[in-house]
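Written out below as structure tokens is the structure these notes cover.
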2 protein chains.
Amino acid sequence: MGAMDQQLEQSELVHPRADEIELPAVLHALSDPQRLRIVRELAASERPLPCGTIVLDISKSTRTHHFRVLREAGLIEQRRDGTCKLSTLRRDDLDARFPGLLDAVLGAGVPA
Amino acid sequence: MGAMDQQLEQSELVHPRADEIELPAVLHALSDPQRLRIVRELAASERPLPCGTIVLDISKSTRTHHFRVLREAGLIEQRRDGTCKLSTLRRDDLDARFPGLLDAVLGAGVPA
DNA sequence: AAGATTGTTCGATGATCACCGTACCATAGT
DNA sequence: ACTATGGTACGGTGATCATCGAACAATCTT
């Protein structure tokens with residue numbers, strides 16, 4: 001969106017600092033079923049996952065879009081690893097900033 | 001949206017049952033700053049509040065819109081009381097369905 | 001260098017959204 | 001009955017969103 005992150009856009013990914021994570025952005029990011037699924041899968045593995053191994057019923061570009069929304073909201077961290085890009089849930093940062101939120105969302109997986 | 005709730009639209013408000021409350025809808029409803037503020041205010045008073053006493057920087061129709069989103073997502077209950085319409089947080093239903101979620105969101109009020 | 005794999009960027013599109021003003025509809029009080 | 005008052009319904013507008021395909025870029029393997 002902004003214009004000040006152009007020069008590092010291709011080398012370093014845009015990640016908000018832990019104290020910059022905004023609640024509305026987090027809730028919005030989690031309000032999409034596809035992204036919720038990504039977050040759940042990430043939380044389940046608790047190990048960096050390449051984007052490609054997760055959501056299958058959407059196109060590549062849409063997948064990229066969802067991962068960017070999650071990353072810019074501060075929910076995940078992404079880094080390069082060869083040709084893959086590995087994603088991790090920012091559990092500690094989220095728990096520090098919004099205690100209990102992530103657990104509540106993840107725990108709501110199979111309610112009844 | 002639907003067409004089956006036409007006959008009770010003006011007398012009885014549309015409320016999802018507790019077990020019909022969907023997580024994405026709840027998160028989406030909470031992802032708007034105005035609605036988050038409404039929910040916080042409702043939670044703070046823990047007593048039914050008329051719509052008019054809460055958000056001031058938006059128009060009447062927009063306020064109605066936000067309250068409807070909150071109600072249809074299952075976050076609040078609205079009922080008539082004379083010329084006013086009183087709103088209450090559906091704390092018990094939310095806690096039963098998504099334990100800890102509401103507390104986490106409300107607790108994230110003043111993070112640092 | 002060529003090919004394969006993985007992901008991004010770039011429009012574009014249709015849907016949804018937040019917001020508004022105006023008109024309207026209840027109920028309460030005079 | 002008239003008039004506030006509190007809220008809804010009805011368009012309408014500009015913004016954002018989820019989605020796609022096609023083209024491109026970066027890395028690895030051969």
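Letters A, B, ... mark the chains of the structure tokens in the order given; residue numbers begin at 1 per chain; ligand numbers begin at 1, in order shown.
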Residue contacts of DT5 (chain C) (9 Å, only C-alpha atoms (C1' of nucleotides)) excluding same-chain residues fewer than 5 positions away, as a ChimeraX atom specification: /A:83-84 /D:27-28
Export, as a PDB file, in the first residue's frame, the selected residues with N, CA and C atoms (P, O5', C5', C4', C3', O3' and C1' of nucleotides).
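This is the output file selection28.pdb:
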ATOM      1  N   THR A  83      14.306 -22.276  -3.470  1.00  0.00           N
ATOM      2  CA  THR A  83      13.221 -21.837  -4.335  1.00  0.00           C
ATOM      3  C   THR A  83      11.914 -21.706  -3.558  1.00  0.00           C
ATOM      4  N   CYS A  84      11.884 -22.293  -2.343  1.00  0.00           N
ATOM      5  CA  CYS A  84      10.671 -22.221  -1.541  1.00  0.00           C
ATOM      6  C   CYS A  84      10.677 -20.982  -0.672  1.00  0.00           C
TER       7      CYS A  84
ATOM      8  P    DT D  27      17.886 -15.779  -5.861  1.00  0.00           P
ATOM      9  O5'  DT D  27      17.970 -17.380  -5.829  1.00  0.00           O
ATOM     10  C5'  DT D  27      17.006 -18.091  -5.065  1.00  0.00           C
ATOM     11  C4'  DT D  27      16.811 -19.490  -5.615  1.00  0.00           C
ATOM     12  C3'  DT D  27      18.084 -20.338  -5.699  1.00  0.00           C
ATOM     13  O3'  DT D  27      18.014 -21.351  -4.699  1.00  0.00           O
ATOM     14  C1'  DT D  27      16.627 -20.661  -7.554  1.00  0.00           C
ATOM     15  P    DC D  28      19.315 -22.186  -4.313  1.00  0.00           P
ATOM     16  O5'  DC D  28      19.057 -23.577  -5.059  1.00  0.00           O
ATOM     17  C5'  DC D  28      17.872 -24.308  -4.755  1.00  0.00           C
ATOM     18  C4'  DC D  28      17.615 -25.342  -5.838  1.00  0.00           C
ATOM     19  C3'  DC D  28      18.787 -26.294  -6.084  1.00  0.00           C
ATOM     20  O3'  DC D  28      18.352 -27.629  -5.815  1.00  0.00           O
ATOM     21  C1'  DC D  28      17.875 -25.471  -8.137  1.00  0.00           C
TER      22       DC D  28
END
Would you give me, as a Markdown table, each residue of chain B having an atom within 7 Å of an atom of chain A, along with its shortest atom pair and that distance in Å to one decimal, using only C-alpha atoms and sorting by chain and residue number?
| residue | atom | partner | partner_atom | distance |
| --- | --- | --- | --- | --- |
| B:Pro24 | CA | A:Ser31 | CA | 4.4 |
| B:Ala25 | CA | A:Ser31 | CA | 6.8 |
| B:Leu27 | CA | A:Ser31 | CA | 5.0 |
| B:His28 | CA | A:Ser31 | CA | 5.0 |
| B:Leu30 | CA | A:Leu27 | CA | 6.7 |
| B:Ser31 | CA | A:Pro24 | CA | 4.4 |
| B:Asp32 | CA | A:Pro24 | CA | 6.2 |
| B:Pro33 | CA | A:Pro24 | CA | 6.6 |
| B:Arg97 | CA | A:Pro111 | CA | 6.6 |
| B:Phe98 | CA | A:Ala108 | CA | 5.5 |
| B:Pro99 | CA | A:Ala104 | CA | 6.1 |
| B:Gly100 | CA | A:Ala104 | CA | 5.3 |
| B:Leu101 | CA | A:Ala104 | CA | 4.9 |
| B:Ala104 | CA | A:Leu101 | CA | 4.9 |
| B:Val105 | CA | A:Leu101 | CA | 6.6 |
| B:Ala108 | CA | A:Phe98 | CA | 5.5 |
| B:Pro111 | CA | A:Arg97 | CA | 6.5 |
Those residues you just picked out, can you put them in a file as a PDB file, in the first residue's frame with N, CA and C atoms?
ATOM      1  N   PRO B  24     -15.678 -17.180  11.247  1.00  0.00           N
ATOM      2  CA  PRO B  24     -15.298 -16.116  10.312  1.00  0.00           C
ATOM      3  C   PRO B  24     -16.201 -14.895  10.410  1.00  0.00           C
ATOM      4  N   ALA B  25     -17.488 -15.122  10.581  1.00  0.00           N
ATOM      5  CA  ALA B  25     -18.412 -13.992  10.706  1.00  0.00           C
ATOM      6  C   ALA B  25     -18.116 -13.174  11.953  1.00  0.00           C
ATOM      7  N   LEU B  27     -15.211 -12.950  13.533  1.00  0.00           N
ATOM      8  CA  LEU B  27     -13.940 -12.249  13.360  1.00  0.00           C
ATOM      9  C   LEU B  27     -14.103 -11.068  12.406  1.00  0.00           C
ATOM     10  N   HIS B  28     -14.886 -11.294  11.356  1.00  0.00           N
ATOM     11  CA  HIS B  28     -15.126 -10.181  10.439  1.00  0.00           C
ATOM     12  C   HIS B  28     -15.866  -9.045  11.134  1.00  0.00           C
ATOM     13  N   LEU B  30     -15.757  -8.241  14.172  1.00  0.00           N
ATOM     14  CA  LEU B  30     -14.872  -7.578  15.131  1.00  0.00           C
ATOM     15  C   LEU B  30     -13.715  -6.851  14.462  1.00  0.00           C
ATOM     16  N   SER B  31     -13.537  -7.070  13.179  1.00  0.00           N
ATOM     17  CA  SER B  31     -12.367  -6.500  12.512  1.00  0.00           C
ATOM     18  C   SER B  31     -12.579  -5.035  12.129  1.00  0.00           C
ATOM     19  N   ASP B  32     -13.766  -4.537  12.330  1.00  0.00           N
ATOM     20  CA  ASP B  32     -14.015  -3.127  12.048  1.00  0.00           C
ATOM     21  C   ASP B  32     -13.876  -2.309  13.328  1.00  0.00           C
ATOM     22  N   PRO B  33     -13.085  -1.249  13.293  1.00  0.00           N
ATOM     23  CA  PRO B  33     -12.835  -0.447  14.486  1.00  0.00           C
ATOM     24  C   PRO B  33     -14.103   0.088  15.143  1.00  0.00           C
ATOM     25  N   ARG B  97     -19.237 -21.119  22.731  1.00  0.00           N
ATOM     26  CA  ARG B  97     -18.862 -21.585  21.391  1.00  0.00           C
ATOM     27  C   ARG B  97     -17.384 -21.367  21.093  1.00  0.00           C
ATOM     28  N   PHE B  98     -16.850 -20.237  21.495  1.00  0.00           N
ATOM     29  CA  PHE B  98     -15.443 -19.921  21.244  1.00  0.00           C
ATOM     30  C   PHE B  98     -14.770 -19.488  22.536  1.00  0.00           C
ATOM     31  N   PRO B  99     -14.468 -20.436  23.394  1.00  0.00           N
ATOM     32  CA  PRO B  99     -13.968 -20.096  24.736  1.00  0.00           C
ATOM     33  C   PRO B  99     -12.715 -19.222  24.664  1.00  0.00           C
ATOM     34  N   GLY B 100     -12.760 -18.141  25.388  1.00  0.00           N
ATOM     35  CA  GLY B 100     -11.586 -17.283  25.491  1.00  0.00           C
ATOM     36  C   GLY B 100     -11.480 -16.233  24.413  1.00  0.00           C
ATOM     37  N   LEU B 101     -12.249 -16.393  23.351  1.00  0.00           N
ATOM     38  CA  LEU B 101     -12.097 -15.460  22.226  1.00  0.00           C
ATOM     39  C   LEU B 101     -12.482 -14.037  22.620  1.00  0.00           C
ATOM     40  N   ALA B 104     -10.105 -12.448  25.022  1.00  0.00           N
ATOM     41  CA  ALA B 104      -8.841 -12.073  24.379  1.00  0.00           C
ATOM     42  C   ALA B 104      -9.006 -10.779  23.597  1.00  0.00           C
ATOM     43  N   VAL B 105     -10.095 -10.673  22.878  1.00  0.00           N
ATOM     44  CA  VAL B 105     -10.330  -9.468  22.084  1.00  0.00           C
ATOM     45  C   VAL B 105     -10.541  -8.256  22.989  1.00  0.00           C
ATOM     46  N   ALA B 108      -7.439  -7.059  24.791  1.00  0.00           N
ATOM     47  CA  ALA B 108      -6.432  -6.439  23.939  1.00  0.00           C
ATOM     48  C   ALA B 108      -6.673  -4.951  23.798  1.00  0.00           C
ATOM     49  N   PRO B 111      -3.029  -2.382  25.025  1.00  0.00           N
ATOM     50  CA  PRO B 111      -1.960  -3.374  25.064  1.00  0.00           C
ATOM     51  C   PRO B 111      -0.670  -2.850  25.661  1.00  0.00           C
TER      52      PRO B 111
END
Near Arg63 (chain B), within 12 Å and counting only C-alpha atoms (C1' of nucleotides), which residues show up once chain neighbours fewer than 4 positions away are dropped, as an mmCIF file with N, CA and C atoms (P, O5', C5', C4', C3', O3' and C1' of nucleotides), in the first residue's frame?
data_model
loop_
_atom_site.group_PDB
_atom_site.id
_atom_site.type_symbol
_atom_site.label_atom_id
_atom_site.label_comp_id
_atom_site.auth_asym_id
_atom_site.auth_seq_id
_atom_site.Cartn_x
_atom_site.Cartn_y
_atom_site.Cartn_z
ATOM 1 N N GLN B 34 -15.047 0.524 14.349
ATOM 2 C CA GLN B 34 -16.286 1.046 14.929
ATOM 3 C C GLN B 34 -17.031 -0.045 15.684
ATOM 4 N N ARG B 35 -17.114 -1.223 15.061
ATOM 5 C CA ARG B 35 -17.843 -2.317 15.709
ATOM 6 C C ARG B 35 -17.091 -2.825 16.921
ATOM 7 N N ARG B 37 -15.381 -1.059 18.831
ATOM 8 C CA ARG B 37 -15.669 -0.068 19.857
ATOM 9 C C ARG B 37 -17.043 -0.303 20.470
ATOM 10 N N ILE B 38 -18.003 -0.612 19.633
ATOM 11 C CA ILE B 38 -19.341 -0.901 20.137
ATOM 12 C C ILE B 38 -19.298 -2.087 21.086
ATOM 13 N N PRO B 50 -28.899 1.462 24.589
ATOM 14 C CA PRO B 50 -29.492 1.901 23.332
ATOM 15 C C PRO B 50 -28.395 2.259 22.336
ATOM 16 N N CYS B 51 -28.668 1.980 21.071
ATOM 17 C CA CYS B 51 -27.674 2.222 20.020
ATOM 18 C C CYS B 51 -27.138 3.637 20.070
ATOM 19 N N GLY B 52 -28.047 4.577 20.236
ATOM 20 C CA GLY B 52 -27.684 5.971 20.083
ATOM 21 C C GLY B 52 -26.611 6.475 21.032
ATOM 22 N N THR B 53 -26.422 5.784 22.135
ATOM 23 C CA THR B 53 -25.517 6.318 23.157
ATOM 24 C C THR B 53 -24.065 5.944 22.922
ATOM 25 N N ILE B 54 -23.764 5.273 21.820
ATOM 26 C CA ILE B 54 -22.404 4.759 21.685
ATOM 27 C C ILE B 54 -21.553 5.501 20.675
ATOM 28 N N VAL B 55 -21.656 5.142 19.424
ATOM 29 C CA VAL B 55 -20.737 5.707 18.446
ATOM 30 C C VAL B 55 -21.285 7.029 17.924
ATOM 31 N N LEU B 56 -20.474 8.039 17.889
ATOM 32 C CA LEU B 56 -20.966 9.361 17.543
ATOM 33 C C LEU B 56 -20.453 9.868 16.197
ATOM 34 N N ASP B 57 -19.329 9.358 15.738
ATOM 35 C CA ASP B 57 -18.718 9.936 14.551
ATOM 36 C C ASP B 57 -19.159 9.265 13.257
ATOM 37 N N ILE B 58 -20.271 8.578 13.297
ATOM 38 C CA ILE B 58 -20.827 8.034 12.064
ATOM 39 C C ILE B 58 -22.312 8.357 12.031
ATOM 40 N N SER B 59 -22.886 8.246 10.844
ATOM 41 C CA SER B 59 -24.287 8.629 10.699
ATOM 42 C C SER B 59 -25.205 7.570 11.302
ATOM 43 N N PHE B 67 -24.707 -2.294 13.776
ATOM 44 C CA PHE B 67 -25.429 -3.101 14.756
ATOM 45 C C PHE B 67 -26.034 -4.336 14.102
ATOM 46 N N ARG B 68 -26.460 -4.194 12.873
ATOM 47 C CA ARG B 68 -27.015 -5.368 12.199
ATOM 48 C C ARG B 68 -25.932 -6.406 11.931
ATOM 49 N N VAL B 69 -24.760 -5.936 11.501
ATOM 50 C CA VAL B 69 -23.664 -6.880 11.278
ATOM 51 C C VAL B 69 -23.331 -7.622 12.571
ATOM 52 N N LEU B 70 -23.272 -6.890 13.651
ATOM 53 C CA LEU B 70 -22.958 -7.518 14.937
ATOM 54 C C LEU B 70 -24.046 -8.503 15.345
ATOM 55 P P DA C 18 -17.796 -3.371 6.696
ATOM 56 O "O5'" DA C 18 -17.637 -1.790 6.715
ATOM 57 C "C5'" DA C 18 -16.414 -1.194 6.341
ATOM 58 C "C4'" DA C 18 -16.613 0.278 6.080
ATOM 59 C "C3'" DA C 18 -17.469 1.012 7.120
ATOM 60 O "O3'" DA C 18 -16.854 2.256 7.429
ATOM 61 C "C1'" DA C 18 -18.427 1.265 4.961
ATOM 62 P P DC C 19 -17.431 3.181 8.547
ATOM 63 O "O5'" DC C 19 -18.309 4.222 7.749
ATOM 64 C "C5'" DC C 19 -17.697 5.004 6.724
ATOM 65 C "C4'" DC C 19 -18.733 5.621 5.822
ATOM 66 C "C3'" DC C 19 -19.926 6.248 6.543
ATOM 67 O "O3'" DC C 19 -19.621 7.586 6.895
ATOM 68 C "C1'" DC C 19 -20.512 5.189 4.455
ATOM 69 P P DC C 20 -20.707 8.448 7.697
ATOM 70 O "O5'" DC C 20 -21.691 8.914 6.541
ATOM 71 C "C5'" DC C 20 -21.179 9.703 5.486
ATOM 72 C "C4'" DC C 20 -22.240 9.916 4.430
ATOM 73 C "C3'" DC C 20 -23.538 10.496 4.974
ATOM 74 O "O3'" DC C 20 -23.518 11.905 4.823
ATOM 75 C "C1'" DC C 20 -23.910 8.732 3.337
ATOM 76 P P DG D 6 -33.858 10.207 21.212
ATOM 77 O "O5'" DG D 6 -33.919 8.746 20.586
ATOM 78 C "C5'" DG D 6 -34.845 7.775 21.101
ATOM 79 C "C4'" DG D 6 -34.819 6.545 20.222
ATOM 80 C "C3'" DG D 6 -33.443 6.203 19.651
ATOM 81 O "O3'" DG D 6 -33.228 4.802 19.736
ATOM 82 C "C1'" DG D 6 -34.979 6.510 17.885
ATOM 83 P P DG D 7 -31.843 4.161 19.220
ATOM 84 O "O5'" DG D 7 -32.249 3.541 17.814
ATOM 85 C "C5'" DG D 7 -33.242 2.508 17.799
ATOM 86 C "C4'" DG D 7 -33.806 2.371 16.405
ATOM 87 C "C3'" DG D 7 -32.815 1.866 15.360
ATOM 88 O "O3'" DG D 7 -33.064 0.498 15.093
ATOM 89 C "C1'" DG D 7 -34.304 3.544 14.535
ATOM 90 P P DT D 8 -32.297 -0.246 13.931
ATOM 91 O "O5'" DT D 8 -33.234 -0.117 12.651
ATOM 92 C "C5'" DT D 8 -34.599 -0.496 12.761
ATOM 93 C "C4'" DT D 8 -35.278 -0.408 11.405
ATOM 94 C "C3'" DT D 8 -34.529 -1.115 10.282
ATOM 95 O "O3'" DT D 8 -35.469 -1.864 9.532
ATOM 96 C "C1'" DT D 8 -34.917 1.147 9.695
#
Shell of 12 Å around DC10 (chain C), only C-alpha atoms (C1' of nucleotides), local chain residues under 2 positions omitted, as a VMD selection string: (chain A and resid 61) or (chain C and resid 8 12) or (chain D and resid 20 to 24)
Keeping C-alpha atoms (C1' of nucleotides), export the residues of the selection given above as a PDB file, in the first residue's frame.
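out_24.pdb was written with the following content:
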ATOM      1  CA  SER A  61      -1.702 -15.888  -7.210  1.00  0.00           C
TER       2      SER A  61
ATOM      3  C1'  DT C   8       5.550 -12.882  -7.430  1.00  0.00           C
ATOM      4  C1'  DA C  12      -8.819  -7.175 -14.535  1.00  0.00           C
TER       5       DA C  12
ATOM      6  C1'  DC D  20      -8.242 -15.380 -11.679  1.00  0.00           C
ATOM      7  C1'  DG D  21      -4.841 -15.999 -15.762  1.00  0.00           C
ATOM      8  C1'  DA D  22      -0.764 -14.711 -17.946  1.00  0.00           C
ATOM      9  C1'  DA D  23       3.740 -13.145 -17.764  1.00  0.00           C
ATOM     10  C1'  DC D  24       7.876 -12.727 -15.154  1.00  0.00           C
TER      11       DC D  24
END
Hey, which bits of chain C sit within 12 Å of chain B, and for each residue what's the closest pair of atoms and how far apart in Å (one decimal), counting only C-alpha atoms (C1' of nucleotides), rows by chain and increasing number, as a tab-separated table?
residue	atom	partner	partner_atom	distance
C:DC17	C1'	B:Asp32	CA	10.6
C:DA18	C1'	B:Thr62	CA	7.6
C:DC19	C1'	B:Thr62	CA	6.3
C:DC20	C1'	B:Ser59	CA	7.4
C:DG21	C1'	B:Ser61	CA	9.1
C:DT22	C1'	B:Ser61	CA	10.7
C:DC25	C1'	B:Gln10	CA	10.1
C:DA26	C1'	B:Thr83	CA	7.3
C:DT27	C1'	B:Thr83	CA	5.0
C:DA28	C1'	B:Thr83	CA	7.2
C:DG29	C1'	B:Thr83	CA	11.7
Per-residue DSSP, chain B, filtered to alpha helix (DSSP H), as a PyMOL selection string: chain B and resi 23-30+33-45+60-72+91-97+101-107
Atomic distance CA of Leu89 (chain B) - CA of Glu72 (chain B), expressed in Å with one decimal: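 Here the two named atoms are 12.5 Å from each other.
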Point-to-point distance in Å for CA of Asp93 (chain B) and CA of Leu94 (chain A): 25.1 Å
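In this model, the gap between CA of Ala43 (chain A) and CA of Ile21 (chain A) comes to 18.4 Å.
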Backbone DSSP call of strand (DSSP E) for chain A, listed as a ChimeraX atom specification: /A:49-50,76-81,84-89
